[in-house]
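Below is the file model-v7.csv, which contains CSV, C-alpha atoms (C1' of nucleotides) and all ligand atoms.
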```
chain,number,residue,atom,x,y,z
A,67,MET,CA,-0.9,11.2,-3.1
A,68,PRO,CA,2.7,11.2,-1.9
A,69,ALA,CA,4.8,13.7,-3.8
A,70,ARG,CA,8.0,12.2,-5.2
A,71,ALA,CA,11.2,13.3,-3.5
A,72,ASP,CA,9.5,15.7,-1.2
A,73,SER,CA,12.2,18.1,0.0
A,74,ALA,CA,9.5,20.4,1.4
A,75,TRP,CA,8.7,17.6,3.9
A,76,ALA,CA,12.4,17.2,4.7
A,77,GLU,CA,12.7,20.9,5.6
A,78,HIS,CA,9.4,20.7,7.6
A,79,ALA,CA,10.7,17.6,9.5
A,80,LEU,CA,14.1,19.2,10.2
A,81,ARG,CA,12.4,22.3,11.5
A,82,ALA,CA,10.1,20.3,13.7
A,83,LEU,CA,13.0,18.3,15.1
A,84,ARG,CA,14.9,21.5,16.0
A,85,GLN,CA,11.7,22.9,17.4
A,86,ALA,CA,11.3,19.9,19.6
A,87,GLY,CA,14.7,20.5,21.1
A,88,TYR,CA,16.8,18.1,19.1
A,89,ARG,CA,20.2,19.2,18.1
A,90,ARG,CA,21.2,18.8,14.5
A,91,GLY,CA,23.0,15.6,13.8
A,92,GLY,CA,24.3,14.0,10.6
A,93,ALA,CA,22.7,10.6,11.0
A,94,ARG,CA,19.3,11.9,11.8
A,95,THR,CA,19.4,14.3,8.9
A,96,ALA,CA,20.5,11.6,6.5
A,97,VAL,CA,17.5,9.5,7.6
A,98,VAL,CA,15.1,12.5,7.0
A,99,GLU,CA,16.6,13.0,3.6
A,100,ALA,CA,16.3,9.4,2.7
A,101,LEU,CA,12.7,9.3,3.8
A,102,ALA,CA,12.0,12.3,1.7
A,103,ARG,CA,13.2,10.4,-1.3
A,104,HIS,CA,10.8,7.6,-0.9
A,105,ASP,CA,7.2,8.0,-1.8
A,106,CYS,CA,5.9,5.0,0.0
A,107,ALA,CA,6.8,2.9,3.0
A,108,VAL,CA,10.5,1.9,3.5
A,109,THR,CA,11.8,-0.5,6.1
A,110,ALA,CA,14.6,0.4,8.6
A,111,ILE,CA,16.7,-2.2,6.9
A,112,GLU,CA,16.3,-0.7,3.5
A,113,LEU,CA,17.2,2.7,4.9
A,114,ASP,CA,20.2,1.2,6.7
A,115,ASP,CA,21.4,-0.4,3.4
A,116,GLU,CA,21.1,3.0,1.7
A,117,LEU,CA,22.9,4.9,4.4
A,118,ARG,CA,25.5,2.4,5.5
A,119,ARG,CA,27.7,3.1,2.5
A,120,ARG,CA,27.8,6.8,3.0
A,121,ARG,CA,30.8,8.9,4.1
A,122,PRO,CA,30.6,8.9,7.0
A,123,ALA,CA,28.4,5.8,7.4
A,124,VAL,CA,25.2,5.9,9.3
A,125,GLY,CA,24.8,3.2,12.0
A,126,ARG,CA,21.8,0.9,12.2
A,127,ALA,CA,21.0,2.1,15.7
A,128,SER,CA,20.8,5.7,14.5
A,129,VAL,CA,18.4,4.8,11.8
A,130,TYR,CA,16.0,3.1,14.3
A,131,ARG,CA,16.5,6.0,16.7
A,132,ALA,CA,15.7,8.6,14.2
A,133,LEU,CA,12.7,6.7,13.0
A,134,GLU,CA,11.3,6.5,16.5
A,135,GLN,CA,11.8,10.1,17.1
A,136,LEU,CA,10.2,11.1,13.9
A,137,GLU,CA,7.3,8.8,14.6
A,138,GLN,CA,6.9,10.3,18.1
A,139,LEU,CA,6.6,13.8,16.5
A,140,GLY,CA,4.1,12.5,14.0
A,141,LEU,CA,6.4,13.2,11.1
A,142,VAL,CA,6.4,9.6,9.9
A,143,GLN,CA,3.9,6.8,10.1
A,144,ARG,CA,4.8,3.3,11.0
A,145,MET,CA,3.1,0.2,9.7
A,146,GLU,CA,3.7,-3.5,9.4
A,147,VAL,CA,4.6,-4.1,5.8
A,148,THR,CA,5.4,-7.8,6.0
A,149,ARG,CA,5.3,-10.3,8.9
A,150,GLY,CA,7.6,-9.0,11.5
A,151,THR,CA,9.0,-5.9,9.7
A,152,ALA,CA,7.8,-2.4,9.9
A,153,GLY,CA,7.7,0.2,7.2
A,154,TYR,CA,7.9,3.9,7.7
A,155,GLU,CA,6.8,6.7,5.5
A,156,ARG,CA,6.5,10.4,5.8
A,157,VAL,CA,3.4,12.2,7.0
A,158,GLU,CA,2.6,15.3,5.1
A,159,PRO,CA,2.2,18.4,7.3
A,160,GLY,CA,-1.3,19.2,5.9
A,161,GLY,CA,-2.7,16.1,7.4
A,162,GLU,CA,-3.3,14.5,4.0
A,163,HIS,CA,-2.3,10.9,4.1
A,164,HIS,CA,-3.0,7.6,2.4
A,165,HIS,CA,-3.5,4.0,3.4
A,166,HIS,CA,-2.4,0.8,1.7
A,167,ALA,CA,-3.7,-2.3,0.0
A,168,ILE,CA,-1.1,-5.1,0.4
A,169,CYS,CA,-0.9,-8.1,-1.8
A,170,ARG,CA,-0.7,-11.2,0.3
A,171,LYS,CA,1.1,-13.0,-2.5
A,172,CYS,CA,3.7,-10.7,-3.9
A,173,GLY,CA,3.8,-8.1,-1.2
A,174,ARG,CA,3.1,-5.2,-3.5
A,175,MET,CA,1.7,-2.2,-1.8
A,176,VAL,CA,-0.8,0.1,-3.5
A,177,PRO,CA,-1.5,3.4,-1.8
A,178,PHE,CA,-5.0,4.8,-1.8
A,179,GLU,CA,-7.0,7.6,-0.2
A,180,ASP,CA,-10.7,7.9,0.4
A,181,PRO,CA,-12.5,10.9,1.9
A,182,LYS,CA,-15.6,8.8,2.8
A,183,LEU,CA,-13.4,6.4,4.7
A,184,GLU,CA,-11.7,9.2,6.5
A,185,ARG,CA,-15.0,10.8,7.4
A,186,ALA,CA,-16.3,7.5,8.8
A,187,ILE,CA,-13.1,7.2,10.9
A,188,ALA,CA,-13.4,10.8,12.1
A,189,ARG,CA,-16.9,10.4,13.2
A,190,LEU,CA,-16.2,7.1,14.9
A,191,SER,CA,-13.2,8.7,16.7
A,192,GLU,CA,-15.5,11.1,18.4
A,193,GLU,CA,-18.0,8.5,19.5
A,194,ILE,CA,-15.7,6.1,21.2
A,195,SER,CA,-14.4,6.6,24.7
A,196,PHE,CA,-10.9,6.9,23.6
A,197,GLU,CA,-8.8,9.9,22.6
A,198,VAL,CA,-7.9,8.9,19.1
A,199,THR,CA,-4.9,10.6,17.5
A,200,ASP,CA,-4.0,8.2,14.7
A,201,HIS,CA,-5.5,5.5,12.6
A,202,ASP,CA,-4.4,2.9,10.2
A,203,VAL,CA,-6.3,1.0,7.6
A,204,VAL,CA,-4.9,-1.9,5.6
A,205,LEU,CA,-6.7,-3.7,2.9
A,206,ARG,CA,-5.4,-7.2,2.1
A,207,GLY,CA,-5.9,-9.4,-0.9
A,208,LEU,CA,-4.5,-9.9,-4.3
A,209,CYS,CA,-3.1,-7.2,-6.6
A,210,GLU,CA,-4.0,-7.0,-10.2
A,211,ARG,CA,-1.1,-9.1,-11.3
A,212,CYS,CA,-1.6,-11.8,-8.7
A,213,ALA,CA,-5.3,-12.2,-9.0
A,214,ASP,CA,-5.6,-15.5,-10.8
B,99,MET,CA,-19.3,-8.2,19.6
B,100,PRO,CA,-17.2,-11.2,20.4
B,101,ALA,CA,-19.2,-13.8,22.4
B,102,ARG,CA,-17.4,-15.0,25.5
B,103,ALA,CA,-16.0,-18.6,25.3
B,104,ASP,CA,-17.5,-19.3,21.9
B,105,SER,CA,-17.6,-23.0,21.7
B,106,ALA,CA,-19.6,-22.8,18.6
B,107,TRP,CA,-16.6,-21.2,16.9
B,108,ALA,CA,-14.4,-24.0,18.2
B,109,GLU,CA,-16.6,-26.6,16.6
B,110,HIS,CA,-16.8,-24.6,13.4
B,111,ALA,CA,-13.0,-24.3,13.3
B,112,LEU,CA,-12.4,-28.0,14.1
B,113,ARG,CA,-14.9,-28.9,11.3
B,114,ALA,CA,-13.2,-26.6,8.9
B,115,LEU,CA,-9.8,-28.0,9.7
B,116,ARG,CA,-11.0,-31.5,9.1
B,117,GLN,CA,-12.7,-30.4,5.9
B,118,ALA,CA,-9.4,-28.9,4.8
B,119,GLY,CA,-7.7,-32.2,5.1
B,120,TYR,CA,-6.0,-31.9,8.5
B,121,ARG,CA,-6.0,-34.8,10.8
B,122,ARG,CA,-7.1,-34.3,14.3
B,123,GLY,CA,-4.2,-33.6,16.7
B,124,GLY,CA,-4.1,-32.7,20.3
B,125,ALA,CA,-2.0,-29.6,20.1
B,126,ARG,CA,-4.0,-28.0,17.4
B,127,THR,CA,-7.2,-28.8,19.2
B,128,ALA,CA,-5.9,-27.3,22.3
B,129,VAL,CA,-5.0,-24.1,20.5
B,130,VAL,CA,-8.5,-23.9,19.0
B,131,GLU,CA,-10.1,-24.3,22.3
B,132,ALA,CA,-7.9,-21.7,23.9
B,133,LEU,CA,-8.7,-19.2,21.2
B,134,ALA,CA,-12.4,-20.0,21.8
B,135,ARG,CA,-11.9,-18.9,25.4
B,136,HIS,CA,-10.6,-15.5,24.5
B,137,ASP,CA,-12.9,-12.8,23.4
B,138,CYS,CA,-10.2,-10.5,22.0
B,139,ALA,CA,-6.7,-10.8,20.6
B,140,VAL,CA,-4.2,-13.1,22.3
B,141,THR,CA,-0.5,-13.4,21.5
B,142,ALA,CA,1.1,-16.7,20.6
B,143,ILE,CA,3.3,-16.3,23.7
B,144,GLU,CA,0.2,-16.0,25.9
B,145,LEU,CA,-1.3,-19.1,24.4
B,146,ASP,CA,2.0,-20.8,24.8
B,147,ASP,CA,2.0,-19.9,28.5
B,148,GLU,CA,-1.5,-21.2,28.9
B,149,LEU,CA,-0.8,-24.5,27.1
B,150,ARG,CA,2.7,-25.3,28.1
B,151,ARG,CA,1.6,-26.5,31.5
B,152,ARG,CA,-0.9,-28.9,30.2
B,153,ARG,CA,-0.8,-32.7,30.3
B,154,PRO,CA,0.6,-33.4,27.9
B,155,ALA,CA,2.3,-30.0,27.2
B,156,VAL,CA,1.8,-28.2,23.9
B,157,GLY,CA,4.9,-27.0,22.3
B,158,ARG,CA,5.6,-23.5,21.1
B,159,ALA,CA,6.1,-24.6,17.6
B,160,SER,CA,2.7,-26.2,17.6
B,161,VAL,CA,1.1,-23.1,18.8
B,162,TYR,CA,2.6,-21.0,15.9
B,163,ARG,CA,1.9,-23.7,13.4
B,164,ALA,CA,-1.8,-24.0,14.4
B,165,LEU,CA,-2.2,-20.2,14.4
B,166,GLU,CA,-0.8,-20.0,10.9
B,167,GLN,CA,-3.1,-22.8,9.6
B,168,LEU,CA,-6.1,-21.2,11.2
B,169,GLU,CA,-5.2,-17.9,9.7
B,170,GLN,CA,-4.8,-19.5,6.3
B,171,LEU,CA,-8.3,-20.9,6.5
B,172,GLY,CA,-9.7,-17.5,7.6
B,173,LEU,CA,-10.6,-18.8,11.0
B,174,VAL,CA,-8.5,-16.4,12.9
B,175,GLN,CA,-7.4,-12.9,12.2
B,176,ARG,CA,-3.8,-11.8,12.9
B,177,MET,CA,-2.9,-8.3,13.9
B,178,GLU,CA,0.0,-6.4,15.4
B,179,VAL,CA,-0.9,-5.7,19.0
B,180,THR,CA,2.3,-4.2,20.2
B,181,ARG,CA,5.6,-3.4,18.5
B,182,GLY,CA,6.8,-6.7,17.1
B,183,THR,CA,4.2,-9.0,18.5
B,184,ALA,CA,1.2,-10.3,16.8
B,185,GLY,CA,-2.2,-11.0,18.3
B,186,TYR,CA,-4.7,-13.5,17.0
B,187,GLU,CA,-8.4,-13.7,17.5
B,188,ARG,CA,-11.1,-15.8,16.1
B,189,VAL,CA,-13.2,-14.8,13.1
B,190,GLU,CA,-16.9,-15.5,13.4
B,191,PRO,CA,-18.3,-17.5,10.6
B,192,GLY,CA,-21.1,-15.0,9.9
B,193,GLY,CA,-18.5,-12.4,8.9
B,194,GLU,CA,-19.3,-10.1,11.8
B,195,HIS,CA,-16.1,-8.8,13.2
B,196,HIS,CA,-14.7,-5.9,15.1
B,197,HIS,CA,-11.7,-3.7,15.1
B,198,HIS,CA,-9.5,-2.2,17.8
B,199,ALA,CA,-8.5,1.0,19.4
B,200,ILE,CA,-5.1,0.5,21.1
B,201,CYS,CA,-3.8,2.7,23.9
B,202,ARG,CA,-0.3,3.8,23.0
B,203,LYS,CA,0.5,4.2,26.7
B,204,CYS,CA,-0.8,1.1,28.5
B,205,GLY,CA,-1.5,-1.1,25.6
B,206,ARG,CA,-5.1,-1.6,26.4
B,207,MET,CA,-7.2,-2.8,23.5
B,208,VAL,CA,-10.8,-1.7,23.1
B,209,PRO,CA,-12.8,-3.5,20.5
B,210,PHE,CA,-15.5,-1.6,18.5
B,211,GLU,CA,-17.6,-2.1,15.4
B,212,ASP,CA,-19.1,0.5,13.1
B,213,PRO,CA,-21.4,-0.2,10.2
B,214,LYS,CA,-20.6,3.1,8.5
B,215,LEU,CA,-17.0,2.3,8.5
B,216,GLU,CA,-17.6,-1.1,7.1
B,217,ARG,CA,-19.7,0.3,4.4
B,218,ALA,CA,-17.0,2.8,3.4
B,219,ILE,CA,-14.5,0.0,3.3
B,220,ALA,CA,-16.8,-2.2,1.2
B,221,ARG,CA,-17.4,0.5,-1.3
B,222,LEU,CA,-13.7,1.3,-1.5
B,223,SER,CA,-12.8,-2.3,-2.0
B,224,GLU,CA,-14.9,-2.4,-5.1
B,225,GLU,CA,-13.4,0.7,-6.5
B,226,ILE,CA,-9.7,-0.1,-6.3
B,227,SER,CA,-7.9,-2.3,-8.7
B,228,PHE,CA,-7.2,-4.9,-6.1
B,229,GLU,CA,-9.1,-8.0,-5.1
B,230,VAL,CA,-9.7,-7.2,-1.5
B,231,THR,CA,-10.5,-10.0,0.9
B,232,ASP,CA,-9.7,-8.6,4.3
B,233,HIS,CA,-9.2,-5.4,6.0
B,234,ASP,CA,-7.9,-4.1,9.2
B,235,VAL,CA,-8.5,-0.9,11.0
B,236,VAL,CA,-6.6,0.3,14.0
B,237,LEU,CA,-7.2,3.4,16.0
B,238,ARG,CA,-4.4,4.6,18.2
B,239,GLY,CA,-4.4,7.1,21.0
B,240,LEU,CA,-5.0,7.2,24.7
B,241,CYS,CA,-7.6,5.1,26.5
B,242,GLU,CA,-10.0,6.7,29.1
B,243,ARG,CA,-7.6,5.9,32.0
B,244,CYS,CA,-4.5,7.1,30.3
B,245,ALA,CA,-5.9,10.3,28.8
B,246,ASP,CA,-4.1,12.9,30.9
C,95,DA,C1',-6.3,-56.1,15.8
C,96,DA,C1',-1.8,-55.4,13.4
C,97,DT,C1',0.7,-52.6,9.9
C,98,DC,C1',2.5,-48.7,7.9
C,99,DA,C1',3.0,-44.3,5.4
C,100,DA,C1',1.8,-39.7,6.2
C,101,DA,C1',0.8,-36.2,9.4
C,102,DA,C1',1.4,-34.0,13.8
C,103,DT,C1',4.2,-32.8,17.6
C,104,DG,C1',7.8,-30.7,20.8
C,105,DA,C1',12.4,-29.6,22.2
C,106,DG,C1',15.9,-27.0,21.0
C,107,DA,C1',18.5,-24.6,17.5
C,108,DT,C1',18.4,-20.7,14.7
C,109,DC,C1',16.9,-16.6,12.5
C,110,DC,C1',16.5,-11.8,12.2
C,111,DA,C1',14.3,-7.3,13.2
C,112,DT,C1',14.8,-4.3,16.9
C,113,DT,C1',16.7,-2.6,21.2
C,114,DT,C1',20.3,-1.8,24.5
C,115,DT,C1',24.9,-0.9,25.8
C,116,DT,C1',28.9,1.7,25.8
C,117,DA,C1',32.8,4.3,24.3
C,118,DT,C1',33.6,8.0,21.3
C,119,DT,C1',32.5,12.1,18.7
C,120,DT,C1',29.7,16.2,17.8
C,121,DT,C1',26.9,20.1,19.0
C,122,DC,C1',26.1,24.2,21.1
C,123,DT,C1',26.0,27.1,25.1
C,124,DT,C1',29.0,29.9,28.2
D,224,DA,C1',38.3,27.6,23.8
D,225,DA,C1',36.0,24.7,27.5
D,226,DG,C1',32.6,21.7,29.2
D,227,DA,C1',28.1,19.6,29.7
D,228,DA,C1',24.7,17.4,27.1
D,229,DA,C1',23.3,15.2,23.0
D,230,DA,C1',24.2,12.3,19.1
D,231,DT,C1',26.4,8.6,17.1
D,232,DA,C1',28.3,3.8,15.7
D,233,DA,C1',29.7,-0.7,16.6
D,234,DA,C1',28.7,-4.6,18.9
D,235,DA,C1',26.2,-7.3,22.0
D,236,DA,C1',21.7,-8.6,23.7
D,237,DT,C1',16.9,-9.4,23.3
D,238,DG,C1',12.8,-11.7,22.0
D,239,DG,C1',9.2,-13.1,18.8
D,240,DA,C1',8.9,-16.1,15.2
D,241,DT,C1',10.6,-20.0,12.4
D,242,DC,C1',13.1,-24.1,11.3
D,243,DT,C1',15.0,-28.8,12.1
D,244,DC,C1',14.5,-33.3,13.1
D,245,DA,C1',13.8,-37.3,16.0
D,246,DT,C1',9.7,-39.2,18.0
D,247,DT,C1',4.7,-40.0,18.5
D,248,DT,C1',0.0,-40.2,16.6
D,249,DT,C1',-3.4,-40.7,13.2
D,250,DG,C1',-6.2,-43.1,10.1
D,251,DA,C1',-6.5,-45.9,6.1
D,252,DT,C1',-5.5,-50.8,4.8
D,253,DT,C1',-4.9,-55.3,5.5
E,301,MN,MN,-6.9,7.8,7.0
E,302,MN,MN,-14.3,-4.2,9.4
E,303,ZN,ZN,0.6,-9.2,-5.9
E,304,ZN,ZN,-4.2,3.2,28.3
```
Would you mind writing the structure in this file as structure tokens?
Amino acid sequence: MPARADSAWAEHALRALRQAGYRRGGARTAVVEALARHDCAVTAIELDDELRRRRPAVGRASVYRALEQLEQLGLVQRMEVTRGTAGYERVEPGGEHHHHAICRKCGRMVPFEDPKLERAIARLSEEISFEVTDHDVVLRGLCERCAD
Amino acid sequence: MPARADSAWAEHALRALRQAGYRRGGARTAVVEALARHDCAVTAIELDDELRRRRPAVGRASVYRALEQLEQLGLVQRMEVTRGTAGYERVEPGGEHHHHAICRKCGRMVPFEDPKLERAIARLSEEISFEVTDHDVVLRGLCERCAD
DNA sequence: AATCAAAATGAGATCCATTTTTATTTTCTT
DNA sequence: AAGAAAATAAAAATGGATCTCATTTTGATT
């Protein structure tokens, strides 16, 4: 499960960025810290709203840029949360991660993890003629509240 | 595996549409037939390109409209094929379906199916407090050709 | 076959998340 | 401190998707 306000992840991410040759920069750091505060997927727009009002303000382009770099380094995971908009959430260094069940009615997102599922995916990844590095599983349906 | 040029699916879809109360219409029928011709995901833009040049031409809006209706009825499955663009492919009435491995470099999409994976998902769907009706699995990485 | 309300359609306008551009500021090495 | 490279922000551009609305088609009813 995602730990709330994971500052350990923030440090991990900042370290990895430096390691990858990126210089330190205020905007990118702000994005990392914001991501560390969220325990599930956030959209770039939401992050932009949070960071726009800062002193100094963080630009929208910088948010997208940082997210892309972080995704590239495997520090965040990108997924489509609603039609046409992507959500981002941090990836824990240990490799532990979760997937999501998304309510088609209200949009609520419920995270889950399942070792059996992961095992099936791991096995499958070996079998197919494809060098699999990531995977994504989305369950869709109705959440508790919306189920008639 | 997806059967090539599945006209049985087209008839099935057309029947389901009528059944759902839709009148018959040239544009929608053209979209159904186009989908039947593709054995893996196609984007709305690709369908639009195919159908625009017809006599009479099918409008972009009609393509999107038909796709949404078909998805609503569970006749097609929507998925994000590349950043920001959705792909659609037919859903076989029997419930058999496949998932995709997508190359992050060249975009190639390789379909696969795996009973063990499906079983893991089915079990999981029972366990969580969510009325799961659909699922989607995407493996990402490098295809044979692009793997260094 | 003629009528007509409802449904379907297509062209273009519009929306909006994301990307690109560009001028300016910051970082960091020398 | 100086300079080259990297980072940033604001604005413009892009492009897939959606909306609008005038026109055409459908299918039930006469
Ligand atoms: Mn997993
Ligand atoms: Mn499946
Ligand atoms: Zn819900
Ligand atoms: Zn490839």
| query | Which residue, B:His197, B:Arg217, B:Arg181, B:Arg176, has the smallest gap to chain C when you use only C-alpha atoms (C1' of nucleotides)? | reply | B:Arg181
| message | I'd like the contact shell of stretch 188-195 of chain A - 8 Å cut-off, all atoms listed in the file, skipping same-chain residues fewer than 2 positions apart - returned as JSON, numbers by chain. | response | {"A": [184, 185, 186, 197, 198], "B": [212, 241, 242]}
Taking 2 positions as the minimum chain separation for residues in the same chain, which residues sit within 9 Å of B:Ala164 when counting all atoms listed in the file? Answer as a tab-separated table (two decimals) with C-alpha atoms, in the coordinates of the input.
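And here is the file that came out, selection-v4.tsv:
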```tsv
chain	number	residue	atom	x	y	z
B	125	ALA	CA	-2.00	-29.60	20.10
B	126	ARG	CA	-4.00	-28.00	17.40
B	127	THR	CA	-7.20	-28.80	19.20
B	129	VAL	CA	-5.00	-24.10	20.50
B	130	VAL	CA	-8.50	-23.90	19.00
B	159	ALA	CA	6.10	-24.60	17.60
B	160	SER	CA	2.70	-26.20	17.60
B	161	VAL	CA	1.10	-23.10	18.80
B	162	TYR	CA	2.60	-21.00	15.90
B	166	GLU	CA	-0.80	-20.00	10.90
B	167	GLN	CA	-3.10	-22.80	9.60
B	168	LEU	CA	-6.10	-21.20	11.20
B	169	GLU	CA	-5.20	-17.90	9.70
```
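Based on only C-alpha atoms (C1' of nucleotides) and all ligand atoms, the protein and nucleic acid residues found within 8 Å of ligand MN 302 (chain E) are, by chain and then by number, His195, His196, His197, Glu211, Asp212, Leu215, Glu216, Ile219, His233, Asp234 and Val235 of chain B.
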| Residues within 7 Å of ligand ZN 303 (chain E), counting all atoms listed in the file, as a PyMOL selection string | chain A and resi 169-174+208-212
| Distance filter 8 Å, only C-alpha atoms (C1' of nucleotides), chain C against chain A, as number ranges by chain | C: 111-112, 120-121
Can I have chain A aligned to chain B? Use a least-squares fit on all Cα atoms paired in order and write it out as a compact mmCIF listing (two decimals) with C-alpha atoms, in the coordinates of the input.
```txt
# COMPACT_ATOMS: atom_id res chain seq x y z
CA MET A 67 -19.23 -8.17 19.81
CA PRO A 68 -17.13 -11.24 20.59
CA ALA A 69 -19.10 -13.81 22.54
CA ARG A 70 -17.31 -15.00 25.67
CA ALA A 71 -15.98 -18.54 25.54
CA ASP A 72 -17.39 -19.27 22.16
CA SER A 73 -17.51 -23.06 21.86
CA ALA A 74 -19.71 -22.72 18.77
CA TRP A 75 -16.67 -21.13 17.04
CA ALA A 76 -14.43 -23.93 18.30
CA GLU A 77 -16.69 -26.58 16.73
CA HIS A 78 -16.93 -24.47 13.50
CA ALA A 79 -13.09 -24.15 13.38
CA LEU A 80 -12.55 -27.87 14.05
CA ARG A 81 -14.99 -28.74 11.31
CA ALA A 82 -13.34 -26.39 8.89
CA LEU A 83 -9.91 -27.81 9.68
CA ARG A 84 -11.12 -31.38 9.02
CA GLN A 85 -12.84 -30.13 5.92
CA ALA A 86 -9.63 -28.64 4.69
CA GLY A 87 -7.93 -31.99 4.96
CA TYR A 88 -6.21 -31.65 8.29
CA ARG A 89 -6.12 -34.63 10.50
CA ARG A 90 -7.16 -34.20 14.08
CA GLY A 91 -4.31 -33.51 16.40
CA GLY A 92 -4.12 -32.71 20.11
CA ALA A 93 -1.99 -29.60 19.89
CA ARG A 94 -4.01 -27.98 17.21
CA THR A 95 -7.23 -28.69 19.03
CA ALA A 96 -5.88 -27.31 22.28
CA VAL A 97 -4.99 -24.07 20.44
CA VAL A 98 -8.58 -23.84 18.97
CA GLU A 99 -10.01 -24.38 22.39
CA ALA A 100 -7.82 -21.79 23.94
CA LEU A 101 -8.71 -19.28 21.28
CA ALA A 102 -12.32 -19.95 21.89
CA ARG A 103 -11.84 -18.95 25.47
CA HIS A 104 -10.51 -15.58 24.70
CA ASP A 105 -12.76 -12.82 23.56
CA CYS A 106 -10.12 -10.54 22.23
CA ALA A 107 -6.67 -10.80 20.74
CA VAL A 108 -4.12 -13.17 22.41
CA THR A 109 -0.46 -13.44 21.52
CA ALA A 110 1.25 -16.77 20.59
CA ILE A 111 3.28 -16.40 23.72
CA GLU A 112 0.29 -16.07 25.95
CA LEU A 113 -1.24 -19.13 24.33
CA ASP A 114 2.04 -21.02 24.71
CA ASP A 115 2.14 -20.11 28.46
CA GLU A 116 -1.42 -21.43 28.83
CA LEU A 117 -0.79 -24.64 26.97
CA ARG A 118 2.75 -25.45 28.00
CA ARG A 119 1.65 -26.75 31.39
CA ARG A 120 -0.89 -29.13 30.04
CA ARG A 121 -0.70 -32.95 30.05
CA PRO A 122 0.64 -33.57 27.55
CA ALA A 123 2.29 -30.17 26.95
CA VAL A 124 1.81 -28.29 23.77
CA GLY A 125 5.04 -27.12 22.05
CA ARG A 126 5.64 -23.53 21.02
CA ALA A 127 6.11 -24.55 17.40
CA SER A 128 2.68 -26.20 17.35
CA VAL A 129 1.04 -23.11 18.64
CA TYR A 130 2.57 -20.95 15.84
CA ARG A 131 1.74 -23.67 13.33
CA ALA A 132 -1.81 -23.93 14.32
CA LEU A 133 -2.20 -20.20 14.34
CA GLU A 134 -0.91 -19.94 10.80
CA GLN A 135 -3.16 -22.60 9.60
CA LEU A 136 -6.16 -21.11 11.20
CA GLU A 137 -5.27 -17.73 9.80
CA GLN A 138 -4.87 -19.24 6.31
CA LEU A 139 -8.45 -20.64 6.56
CA GLY A 140 -9.73 -17.30 7.75
CA LEU A 141 -10.73 -18.70 11.10
CA VAL A 142 -8.57 -16.27 13.04
CA GLN A 143 -7.37 -12.76 12.39
CA ARG A 144 -3.88 -11.63 13.01
CA MET A 145 -2.86 -8.16 14.07
CA GLU A 146 0.07 -6.37 15.59
CA VAL A 147 -0.86 -5.74 19.18
CA THR A 148 2.40 -4.23 20.39
CA ARG A 149 5.69 -3.46 18.59
CA GLY A 150 6.94 -6.67 17.22
CA THR A 151 4.27 -9.08 18.59
CA ALA A 152 1.19 -10.28 16.91
CA GLY A 153 -2.17 -11.01 18.41
CA TYR A 154 -4.67 -13.47 17.11
CA GLU A 155 -8.35 -13.70 17.66
CA ARG A 156 -11.15 -15.72 16.28
CA VAL A 157 -13.23 -14.73 13.29
CA GLU A 158 -16.87 -15.44 13.65
CA PRO A 159 -18.33 -17.54 10.81
CA GLY A 160 -21.09 -14.96 10.03
CA GLY A 161 -18.56 -12.47 8.92
CA GLU A 162 -19.26 -10.17 11.87
CA HIS A 163 -16.04 -8.84 13.23
CA HIS A 164 -14.65 -5.91 15.17
CA HIS A 165 -11.61 -3.68 15.04
CA HIS A 166 -9.54 -2.19 17.84
CA ALA A 167 -8.55 1.08 19.43
CA ILE A 168 -5.13 0.63 21.12
CA CYS A 169 -3.83 2.83 23.83
CA ARG A 170 -0.35 3.94 23.01
CA LYS A 171 0.40 4.37 26.69
CA CYS A 172 -0.96 1.40 28.53
CA GLY A 173 -1.58 -0.92 25.65
CA ARG A 174 -5.22 -1.48 26.45
CA MET A 175 -7.26 -2.62 23.55
CA VAL A 176 -10.89 -1.61 23.12
CA PRO A 177 -12.87 -3.47 20.50
CA PHE A 178 -15.41 -1.62 18.41
CA GLU A 179 -17.59 -2.17 15.35
CA ASP A 180 -19.07 0.32 12.96
CA PRO A 181 -21.38 -0.46 10.03
CA LYS A 182 -20.63 2.90 8.31
CA LEU A 183 -16.94 2.12 8.46
CA GLU A 184 -17.49 -1.30 7.06
CA ARG A 185 -19.65 0.04 4.27
CA ALA A 186 -16.98 2.60 3.34
CA ILE A 187 -14.38 -0.22 3.25
CA ALA A 188 -16.67 -2.43 1.16
CA ARG A 189 -17.28 0.18 -1.37
CA LEU A 190 -13.63 1.14 -1.57
CA SER A 191 -12.72 -2.57 -2.01
CA GLU A 192 -14.68 -2.68 -5.18
CA GLU A 193 -13.19 0.47 -6.64
CA ILE A 194 -9.56 -0.33 -6.28
CA SER A 195 -7.68 -2.55 -8.68
CA PHE A 196 -6.99 -5.11 -6.12
CA GLU A 197 -8.90 -8.21 -5.05
CA VAL A 198 -9.48 -7.38 -1.44
CA THR A 199 -10.31 -10.24 0.91
CA ASP A 200 -9.48 -8.77 4.31
CA HIS A 201 -9.07 -5.48 6.03
CA ASP A 202 -7.81 -4.16 9.25
CA VAL A 203 -8.42 -0.90 10.97
CA VAL A 204 -6.61 0.27 14.09
CA LEU A 205 -7.31 3.42 15.92
CA ARG A 206 -4.48 4.70 18.15
CA GLY A 207 -4.48 7.18 20.97
CA LEU A 208 -5.19 7.30 24.61
CA CYS A 209 -7.80 5.26 26.49
CA GLU A 210 -10.09 6.79 28.98
CA ARG A 211 -7.82 6.10 31.88
CA CYS A 212 -4.69 7.38 30.19
CA ALA A 213 -6.07 10.52 28.72
CA ASP A 214 -4.56 13.17 30.94
```
| query | Counting all atoms listed in the file, which residues from chain D have an atom at most 7 Å from any atom of chain A, and could you show them as a list in words? | reply |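 Every residue of chain D that passes the 7 Å test is in DA230, DT231 and DA232 of chain D.
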